[in-house]
file upload_16.pdb (PDB, C-alpha atoms)
ATOM      1  CA  MET T   1       4.894   2.042 -16.929
ATOM      2  CA  THR T   2       6.384   2.171 -13.435
ATOM      3  CA  VAL T   3       5.448  -1.358 -12.330
ATOM      4  CA  THR T   4       8.022  -3.844 -13.589
ATOM      5  CA  SER T   5       6.605  -7.019 -12.008
ATOM      6  CA  MET T   6       3.783  -8.453  -9.939
ATOM      7  CA  ASP T   7       4.316 -11.902  -8.462
ATOM      8  CA  LYS T   8       1.903 -14.165  -6.577
ATOM      9  CA  ASP T   9       3.714 -16.823  -4.562
ATOM     10  CA  PHE T  10       1.163 -19.357  -3.331
ATOM     11  CA  ASP T  11       3.794 -21.327  -1.385
ATOM     12  CA  ARG T  12       4.909 -18.262   0.606
ATOM     13  CA  LEU T  13       1.417 -16.662   0.581
ATOM     14  CA  THR T  14       2.744 -13.366  -0.786
ATOM     15  CA  LEU T  15       1.935 -10.849  -3.475
ATOM     16  CA  THR T  16       4.956  -8.762  -4.462
ATOM     17  CA  LEU T  17       5.000  -5.664  -6.644
ATOM     18  CA  VAL T  18       8.265  -4.213  -7.968
ATOM     19  CA  ALA T  19       8.386  -0.733  -9.486
ATOM     20  CA  ASP T  20      11.254   1.404 -10.769
ATOM     21  CA  PHE T  21      11.326   5.186 -10.659
ATOM     22  CA  ALA T  22      13.583   7.837 -12.199
ATOM     23  CA  ALA T  23      13.838   9.626  -8.850
ATOM     24  CA  PRO T  24      16.081   9.340  -5.788
ATOM     25  CA  VAL T  25      15.106   7.145  -2.829
ATOM     26  CA  GLU T  26      14.370  10.179  -0.629
ATOM     27  CA  GLN T  27      11.878  11.561  -3.130
ATOM     28  CA  VAL T  28      10.035   8.241  -3.452
ATOM     29  CA  TRP T  29       9.997   7.937   0.355
ATOM     30  CA  GLU T  30       8.164  11.275   0.602
ATOM     31  CA  LEU T  31       5.217   9.720  -1.266
ATOM     32  CA  TRP T  32       4.797   7.431   1.775
ATOM     33  CA  ALA T  33       5.848   9.870   4.502
ATOM     34  CA  ASP T  34       3.727  12.906   3.537
ATOM     35  CA  PRO T  35       0.001  12.164   4.044
ATOM     36  CA  ARG T  36      -1.062  14.700   1.393
ATOM     37  CA  ARG T  37       1.228  13.029  -1.148
ATOM     38  CA  LEU T  38       0.207   9.531  -0.024
ATOM     39  CA  GLU T  39      -3.451  10.258  -0.670
ATOM     40  CA  ARG T  40      -2.634  11.311  -4.247
ATOM     41  CA  TRP T  41      -1.626   7.760  -5.139
ATOM     42  CA  TRP T  42      -2.848   5.334  -2.432
ATOM     43  CA  GLY T  43      -5.830   3.779  -4.149
ATOM     44  CA  PRO T  44      -6.687   3.379  -7.817
ATOM     45  CA  PRO T  45      -7.478   6.556  -9.799
ATOM     46  CA  THR T  46     -11.246   5.967  -9.526
ATOM     47  CA  TYR T  47     -10.994   5.414  -5.727
ATOM     48  CA  PRO T  48      -8.937   8.339  -4.403
ATOM     49  CA  ALA T  49      -7.786   8.181  -0.795
ATOM     50  CA  THR T  50      -8.262  10.638   2.039
ATOM     51  CA  VAL T  51      -5.804  10.178   4.897
ATOM     52  CA  GLU T  52      -7.399  11.048   8.239
ATOM     53  CA  HIS T  53      -4.508  10.101  10.537
ATOM     54  CA  HIS T  54      -0.865   9.489   9.640
ATOM     55  CA  GLU T  55       1.757   8.492  12.189
ATOM     56  CA  LEU T  56       4.717   6.705  10.574
ATOM     57  CA  THR T  57       6.462   5.656  13.768
ATOM     58  CA  PRO T  58       6.785   2.176  15.295
ATOM     59  CA  GLY T  59       3.414   1.508  16.932
ATOM     60  CA  GLY T  60       1.854   4.383  14.985
ATOM     61  CA  GLU T  61      -1.292   4.172  12.928
ATOM     62  CA  VAL T  62      -2.570   5.419   9.605
ATOM     63  CA  ALA T  63      -6.324   5.734   8.987
ATOM     64  CA  TYR T  64      -7.782   6.463   5.566
ATOM     65  CA  PHE T  65     -10.770   5.960   3.315
ATOM     66  CA  MET T  66     -11.146   5.648  -0.423
ATOM     67  CA  THR T  67     -14.104   7.213  -2.170
ATOM     68  CA  GLY T  68     -15.576   5.320  -5.104
ATOM     69  CA  PRO T  69     -17.145   6.780  -8.247
ATOM     70  CA  GLU T  70     -20.624   6.594  -6.676
ATOM     71  CA  GLY T  71     -19.502   8.316  -3.456
ATOM     72  CA  ASP T  72     -19.156   5.013  -1.578
ATOM     73  CA  LYS T  73     -16.444   4.999   1.095
ATOM     74  CA  HIS T  74     -14.092   2.129   1.840
ATOM     75  CA  ARG T  75     -12.092   2.532   5.048
ATOM     76  CA  GLY T  76      -8.720   1.063   5.915
ATOM     77  CA  TRP T  77      -5.963   1.237   8.501
ATOM     78  CA  TRP T  78      -2.282   0.498   8.978
ATOM     79  CA  ARG T  79      -0.453  -0.414  12.178
ATOM     80  CA  VAL T  80       3.194   0.494  11.757
ATOM     81  CA  ALA T  81       5.619  -2.192  12.953
ATOM     82  CA  SER T  82       8.881  -0.558  11.895
ATOM     83  CA  VAL T  83      10.094   2.381   9.880
ATOM     84  CA  ALA T  84      13.590   3.370   8.741
ATOM     85  CA  PRO T  85      13.367   6.487   6.565
ATOM     86  CA  PRO T  86      14.012   6.671   3.687
ATOM     87  CA  THR T  87      14.385   2.978   2.870
ATOM     88  CA  SER T  88      11.897   0.755   4.700
ATOM     89  CA  LEU T  89       8.447   0.552   6.180
ATOM     90  CA  ASP T  90       6.644  -2.472   7.656
ATOM     91  CA  PHE T  91       2.983  -2.386   8.639
ATOM     92  CA  THR T  92      -0.174  -4.427   9.013
ATOM     93  CA  ASP T  93      -2.853  -3.314   6.557
ATOM     94  CA  GLY T  94      -6.536  -3.978   7.116
ATOM     95  CA  PHE T  95     -10.071  -2.969   6.306
ATOM     96  CA  ALA T  96     -12.248  -0.905   8.634
ATOM     97  CA  ASP T  97     -15.964  -0.466   9.232
ATOM     98  CA  GLU T  98     -17.910   2.799   8.828
ATOM     99  CA  GLU T  99     -16.565   4.095  12.163
ATOM    100  CA  GLY T 100     -12.959   3.313  11.215
ATOM    101  CA  LYS T 101     -12.654   0.287  13.527
ATOM    102  CA  PRO T 102     -10.852  -2.810  12.172
ATOM    103  CA  ASN T 103     -13.255  -5.118  10.346
ATOM    104  CA  PRO T 104     -12.524  -8.695  11.521
ATOM    105  CA  ALA T 105     -14.637 -10.162   8.708
ATOM    106  CA  LEU T 106     -11.985  -9.153   6.146
ATOM    107  CA  PRO T 107      -8.355 -10.282   6.054
ATOM    108  CA  THR T 108      -5.337  -8.284   7.149
ATOM    109  CA  MET T 109      -1.908  -8.520   5.562
ATOM    110  CA  SER T 110       1.651  -7.785   6.594
ATOM    111  CA  VAL T 111       3.209  -5.279   4.199
ATOM    112  CA  ARG T 112       6.917  -4.724   3.691
ATOM    113  CA  VAL T 113       8.092  -1.738   1.633
ATOM    114  CA  ARG T 114      11.737  -1.470   0.570
ATOM    115  CA  LEU T 115      13.281   1.390  -1.395
ATOM    116  CA  THR T 116      16.761   0.863  -2.844
ATOM    117  CA  PRO T 117      18.935   2.761  -5.303
ATOM    118  CA  HIS T 118      18.617   1.222  -8.761
ATOM    119  CA  GLY T 119      20.536   2.633 -11.706
ATOM    120  CA  ASP T 120      19.901   6.381 -11.705
ATOM    121  CA  GLY T 121      16.708   6.021  -9.698
ATOM    122  CA  THR T 122      14.899   3.890  -7.143
ATOM    123  CA  ARG T 123      13.473   0.383  -7.014
ATOM    124  CA  MET T 124      10.445  -0.043  -4.757
ATOM    125  CA  GLU T 125       9.315  -3.465  -3.609
ATOM    126  CA  ILE T 126       5.978  -3.879  -1.842
ATOM    127  CA  ARG T 127       5.482  -7.384  -0.460
ATOM    128  CA  SER T 128       2.107  -8.271   1.060
ATOM    129  CA  ALA T 129       2.042 -11.479   3.129
ATOM    130  CA  PHE T 130      -1.103 -13.371   4.124
ATOM    131  CA  GLU T 131      -1.801 -15.903   6.854
ATOM    132  CA  THR T 132      -3.749 -18.292   4.609
ATOM    133  CA  ARG T 133      -4.237 -19.126   0.943
ATOM    134  CA  GLU T 134      -7.910 -18.231   1.371
ATOM    135  CA  GLN T 135      -7.002 -14.683   2.437
ATOM    136  CA  LEU T 136      -4.688 -14.260  -0.548
ATOM    137  CA  ASP T 137      -7.342 -15.641  -2.911
ATOM    138  CA  GLN T 138     -10.031 -13.404  -1.391
ATOM    139  CA  LEU T 139      -8.043 -10.197  -1.890
ATOM    140  CA  VAL T 140      -6.975 -11.184  -5.394
ATOM    141  CA  GLU T 141     -10.665 -11.782  -6.211
ATOM    142  CA  MET T 142     -11.463  -8.330  -4.753
ATOM    143  CA  GLY T 143      -9.067  -6.787  -7.306
ATOM    144  CA  MET T 144      -5.981  -6.202  -5.169
ATOM    145  CA  GLU T 145      -3.541  -6.867  -8.026
ATOM    146  CA  GLU T 146      -5.194  -4.466 -10.448
ATOM    147  CA  GLY T 147      -5.807  -1.870  -7.739
ATOM    148  CA  LEU T 148      -2.216  -1.926  -6.491
ATOM    149  CA  ARG T 149      -0.832  -1.747 -10.025
ATOM    150  CA  ALA T 150      -3.102   1.228 -10.843
ATOM    151  CA  ALA T 151      -2.289   2.995  -7.557
ATOM    152  CA  VAL T 152       1.488   2.654  -7.920
ATOM    153  CA  GLY T 153       1.150   3.658 -11.567
ATOM    154  CA  GLN T 154       0.192   7.144 -10.362
ATOM    155  CA  MET T 155       3.498   7.680  -8.536
ATOM    156  CA  ASP T 156       5.531   8.613 -11.638
ATOM    157  CA  GLY T 157       3.348  11.648 -12.257
ATOM    158  CA  LEU T 158       3.815  12.826  -8.670
ATOM    159  CA  LEU T 159       7.580  12.371  -8.829
ATOM    160  CA  SER T 160       7.921  14.329 -12.067
ATOM    161  CA  GLY T 161       5.572  17.155 -11.122
TER     162      GLY T 161
END
call {"tool": "encode", "arguments": {"input": "upload_16.pdb", "output": "structure tokens"}}
result
Amino acid sequence: MTVTSMDKDFDRLTLTLVADFAAPVEQVWELWADPRRLERWWGPPTYPATVEHHELTPGGEVAYFMTGPEGDKHRGWWRVASVAPPTSLDFTDGFADEEGKPNPALPTMSVRVRLTPHGDGTRMEIRSAFETREQLDQLVEMGMEEGLRAAVGQMDGLLSG
């Protein structure tokens, strides 16, 4: 499996996923940079994503929704803070309402993605940081760990095909 570790740090209020791929950094980066490729892995297999807007530039936004097995839609958004292709991306990730507007009732998180050469391939680290322990606990209870692991687990197939 692609995911080599998943670490919850309650002192730093972070959840960090590390995954290794047998592909060069540039190829892994394309899975973030190309909205059609992003939607093939962003979200667990039973909740595929549809990317409606994708602007990976500082200040840019990404808007998407995931469709559940019963046809239910779950919307989300990113606000891009910084991007340095093909090695780093920082953004705020949040939930949205039915119209795609940020939902203040649900937590947001700061996400840091780093891609580095590792052996003959690439190591990807995704670190999600929360403002409070309650936010971290809430998203863990909502299945964030399992969902992120399942989503990233789909990347190997995209890189080999």
call {"tool": "resolve_selection", "arguments": {"input": "upload_16.pdb", "expression": "the PyMOL selection byres ((chain T and resi 116) around 12)", "output": "JSON, numbers by chain"}}
result
{"T": [18, 19, 20, 21, 23, 24, 25, 26, 27, 28, 29, 85, 86, 87, 88, 113, 114, 115, 117, 118, 119, 120, 121, 122, 123, 124, 125, 126]}
call {"tool": "write_last_selection", "arguments": {"input": "upload_16.pdb", "atoms": "C-alpha atoms", "output": "PDB file, in the coordinates of the input"}}
result
ATOM      1  CA  VAL T  18       8.265  -4.213  -7.968  1.00  0.00           C
ATOM      2  CA  ALA T  19       8.386  -0.733  -9.486  1.00  0.00           C
ATOM      3  CA  ASP T  20      11.254   1.404 -10.769  1.00  0.00           C
ATOM      4  CA  PHE T  21      11.326   5.186 -10.659  1.00  0.00           C
ATOM      5  CA  ALA T  23      13.838   9.626  -8.850  1.00  0.00           C
ATOM      6  CA  PRO T  24      16.081   9.340  -5.788  1.00  0.00           C
ATOM      7  CA  VAL T  25      15.106   7.145  -2.829  1.00  0.00           C
ATOM      8  CA  GLU T  26      14.370  10.179  -0.629  1.00  0.00           C
ATOM      9  CA  GLN T  27      11.878  11.561  -3.130  1.00  0.00           C
ATOM     10  CA  VAL T  28      10.035   8.241  -3.452  1.00  0.00           C
ATOM     11  CA  TRP T  29       9.997   7.937   0.355  1.00  0.00           C
ATOM     12  CA  PRO T  85      13.367   6.487   6.565  1.00  0.00           C
ATOM     13  CA  PRO T  86      14.012   6.671   3.687  1.00  0.00           C
ATOM     14  CA  THR T  87      14.385   2.978   2.870  1.00  0.00           C
ATOM     15  CA  SER T  88      11.897   0.755   4.700  1.00  0.00           C
ATOM     16  CA  VAL T 113       8.092  -1.738   1.633  1.00  0.00           C
ATOM     17  CA  ARG T 114      11.737  -1.470   0.570  1.00  0.00           C
ATOM     18  CA  LEU T 115      13.281   1.390  -1.395  1.00  0.00           C
ATOM     19  CA  PRO T 117      18.935   2.761  -5.303  1.00  0.00           C
ATOM     20  CA  HIS T 118      18.617   1.222  -8.761  1.00  0.00           C
ATOM     21  CA  GLY T 119      20.536   2.633 -11.706  1.00  0.00           C
ATOM     22  CA  ASP T 120      19.901   6.381 -11.705  1.00  0.00           C
ATOM     23  CA  GLY T 121      16.708   6.021  -9.698  1.00  0.00           C
ATOM     24  CA  THR T 122      14.899   3.890  -7.143  1.00  0.00           C
ATOM     25  CA  ARG T 123      13.473   0.383  -7.014  1.00  0.00           C
ATOM     26  CA  MET T 124      10.445  -0.043  -4.757  1.00  0.00           C
ATOM     27  CA  GLU T 125       9.315  -3.465  -3.609  1.00  0.00           C
ATOM     28  CA  ILE T 126       5.978  -3.879  -1.842  1.00  0.00           C
TER      29      ILE T 126
END
call {"tool": "closest_residue", "arguments": {"input": "upload_16.pdb", "among": "T:Ser128, T:Leu56, T:Val83, T:Arg75", "to": "Lys101 of chain T", "atoms": "only C-alpha atoms"}}
result
T:Arg75
call {"tool": "residues_around", "arguments": {"input": "upload_16.pdb", "residues": "Arg149 of chain T", "least_positions_apart": "3", "cutoff": "12 Å", "atoms": "all atoms listed in the file", "output": "PyMOL selection string"}}
result
chain T and resi 1-7+15-19+41-45+126+143-146+152-155
call {"tool": "write_last_selection", "arguments": {"input": "upload_16.pdb", "atoms": "C-alpha atoms", "output": "short mmCIF file (atom, residue, chain, number, x, y, z; two decimals), in the frame of the given file"}}
result
data_model
loop_
_atom_site.label_atom_id
_atom_site.label_comp_id
_atom_site.auth_asym_id
_atom_site.auth_seq_id
_atom_site.Cartn_x
_atom_site.Cartn_y
_atom_site.Cartn_z
CA MET T 1 4.89 2.04 -16.93
CA THR T 2 6.38 2.17 -13.44
CA VAL T 3 5.45 -1.36 -12.33
CA THR T 4 8.02 -3.84 -13.59
CA SER T 5 6.60 -7.02 -12.01
CA MET T 6 3.78 -8.45 -9.94
CA ASP T 7 4.32 -11.90 -8.46
CA LEU T 15 1.94 -10.85 -3.48
CA THR T 16 4.96 -8.76 -4.46
CA LEU T 17 5.00 -5.66 -6.64
CA VAL T 18 8.26 -4.21 -7.97
CA ALA T 19 8.39 -0.73 -9.49
CA TRP T 41 -1.63 7.76 -5.14
CA TRP T 42 -2.85 5.33 -2.43
CA GLY T 43 -5.83 3.78 -4.15
CA PRO T 44 -6.69 3.38 -7.82
CA PRO T 45 -7.48 6.56 -9.80
CA ILE T 126 5.98 -3.88 -1.84
CA GLY T 143 -9.07 -6.79 -7.31
CA MET T 144 -5.98 -6.20 -5.17
CA GLU T 145 -3.54 -6.87 -8.03
CA GLU T 146 -5.19 -4.47 -10.45
CA VAL T 152 1.49 2.65 -7.92
CA GLY T 153 1.15 3.66 -11.57
CA GLN T 154 0.19 7.14 -10.36
CA MET T 155 3.50 7.68 -8.54
#
call {"tool": "residues_around", "arguments": {"input": "upload_16.pdb", "residues": "Pro58 of chain T", "least_positions_apart": "4", "cutoff": "6 Å", "atoms": "only C-alpha atoms", "output": "CSV table (one decimal) with C-alpha atoms, keeping the file's coordinate frame"}}
result
chain,number,residue,atom,x,y,z
T,80,VAL,CA,3.2,0.5,11.8
T,81,ALA,CA,5.6,-2.2,13.0
T,82,SER,CA,8.9,-0.6,11.9
call {"tool": "resolve_selection", "arguments": {"input": "upload_16.pdb", "expression": "the PyMOL selection byres ((chain T and resi 92) around 10)", "output": "NGL selection string"}}
result
:T and (61 or 77-81 or 90-91 or 93-94 or 108-112 or 128-129)
call {"tool": "closest_residue", "arguments": {"input": "upload_16.pdb", "among": "T:Ala84, T:Pro104, T:Tyr47, T:Gln138", "to": "Glu70 of chain T", "atoms": "all atoms listed in the file"}}
result
T:Tyr47
call {"tool": "axis_aligned_box", "arguments": {"input": "upload_16.pdb", "around": "segment 123-140 of chain T", "padding_each_side": "3 Å", "output": "AutoDock Vina command-line options"}}
result
--center_x 1.7 --center_y -9.4 --center_z -0.1 --size_x 29.5 --size_y 25.5 --size_z 19.9
call {"tool": "closest_residue", "arguments": {"input": "upload_16.pdb", "among": "T:Leu106, T:His53, T:Thr67, T:Glu98", "to": "Leu139 of chain T", "atoms": "only C-alpha atoms"}}
result
T:Leu106
call {"tool": "resolve_selection", "arguments": {"input": "upload_16.pdb", "expression": "the PyMOL selection byres ((chain T and resi 133) around 10)", "output": "JSON, numbers by chain"}}
result
{"T": [9, 10, 11, 12, 13, 14, 130, 131, 132, 134, 135, 136, 137, 138]}
call {"tool": "closest_residue", "arguments": {"input": "upload_16.pdb", "among": "T:Leu89, T:Leu31, T:Phe95, T:Pro102", "to": "Met66 of chain T", "atoms": "all atoms listed in the file"}}
result
T:Phe95
call {"tool": "atom_distance", "arguments": {"input": "upload_16.pdb", "atom1": "atom CA of Glu39 of chain T", "atom2": "atom CA of Lys8 of chain T"}}
result
25.7 Å
call {"tool": "atom_distance", "arguments": {"input": "upload_16.pdb", "atom1": "atom CA of Arg37 of chain T", "atom2": "atom CA of Pro107 of chain T"}}
result
26.2 Å
call {"tool": "atom_distance", "arguments": {"input": "upload_16.pdb", "atom1": "atom CA of Gly59 of chain T", "atom2": "atom CA of Asp156 of chain T"}}
result
29.5 Å
call {"tool": "closest_residue", "arguments": {"input": "upload_16.pdb", "among": "T:Gly147, T:Ala33, T:Gly100, T:Thr46", "to": "Tyr64 of chain T", "atoms": "all atoms listed in the file"}}
result
T:Gly100
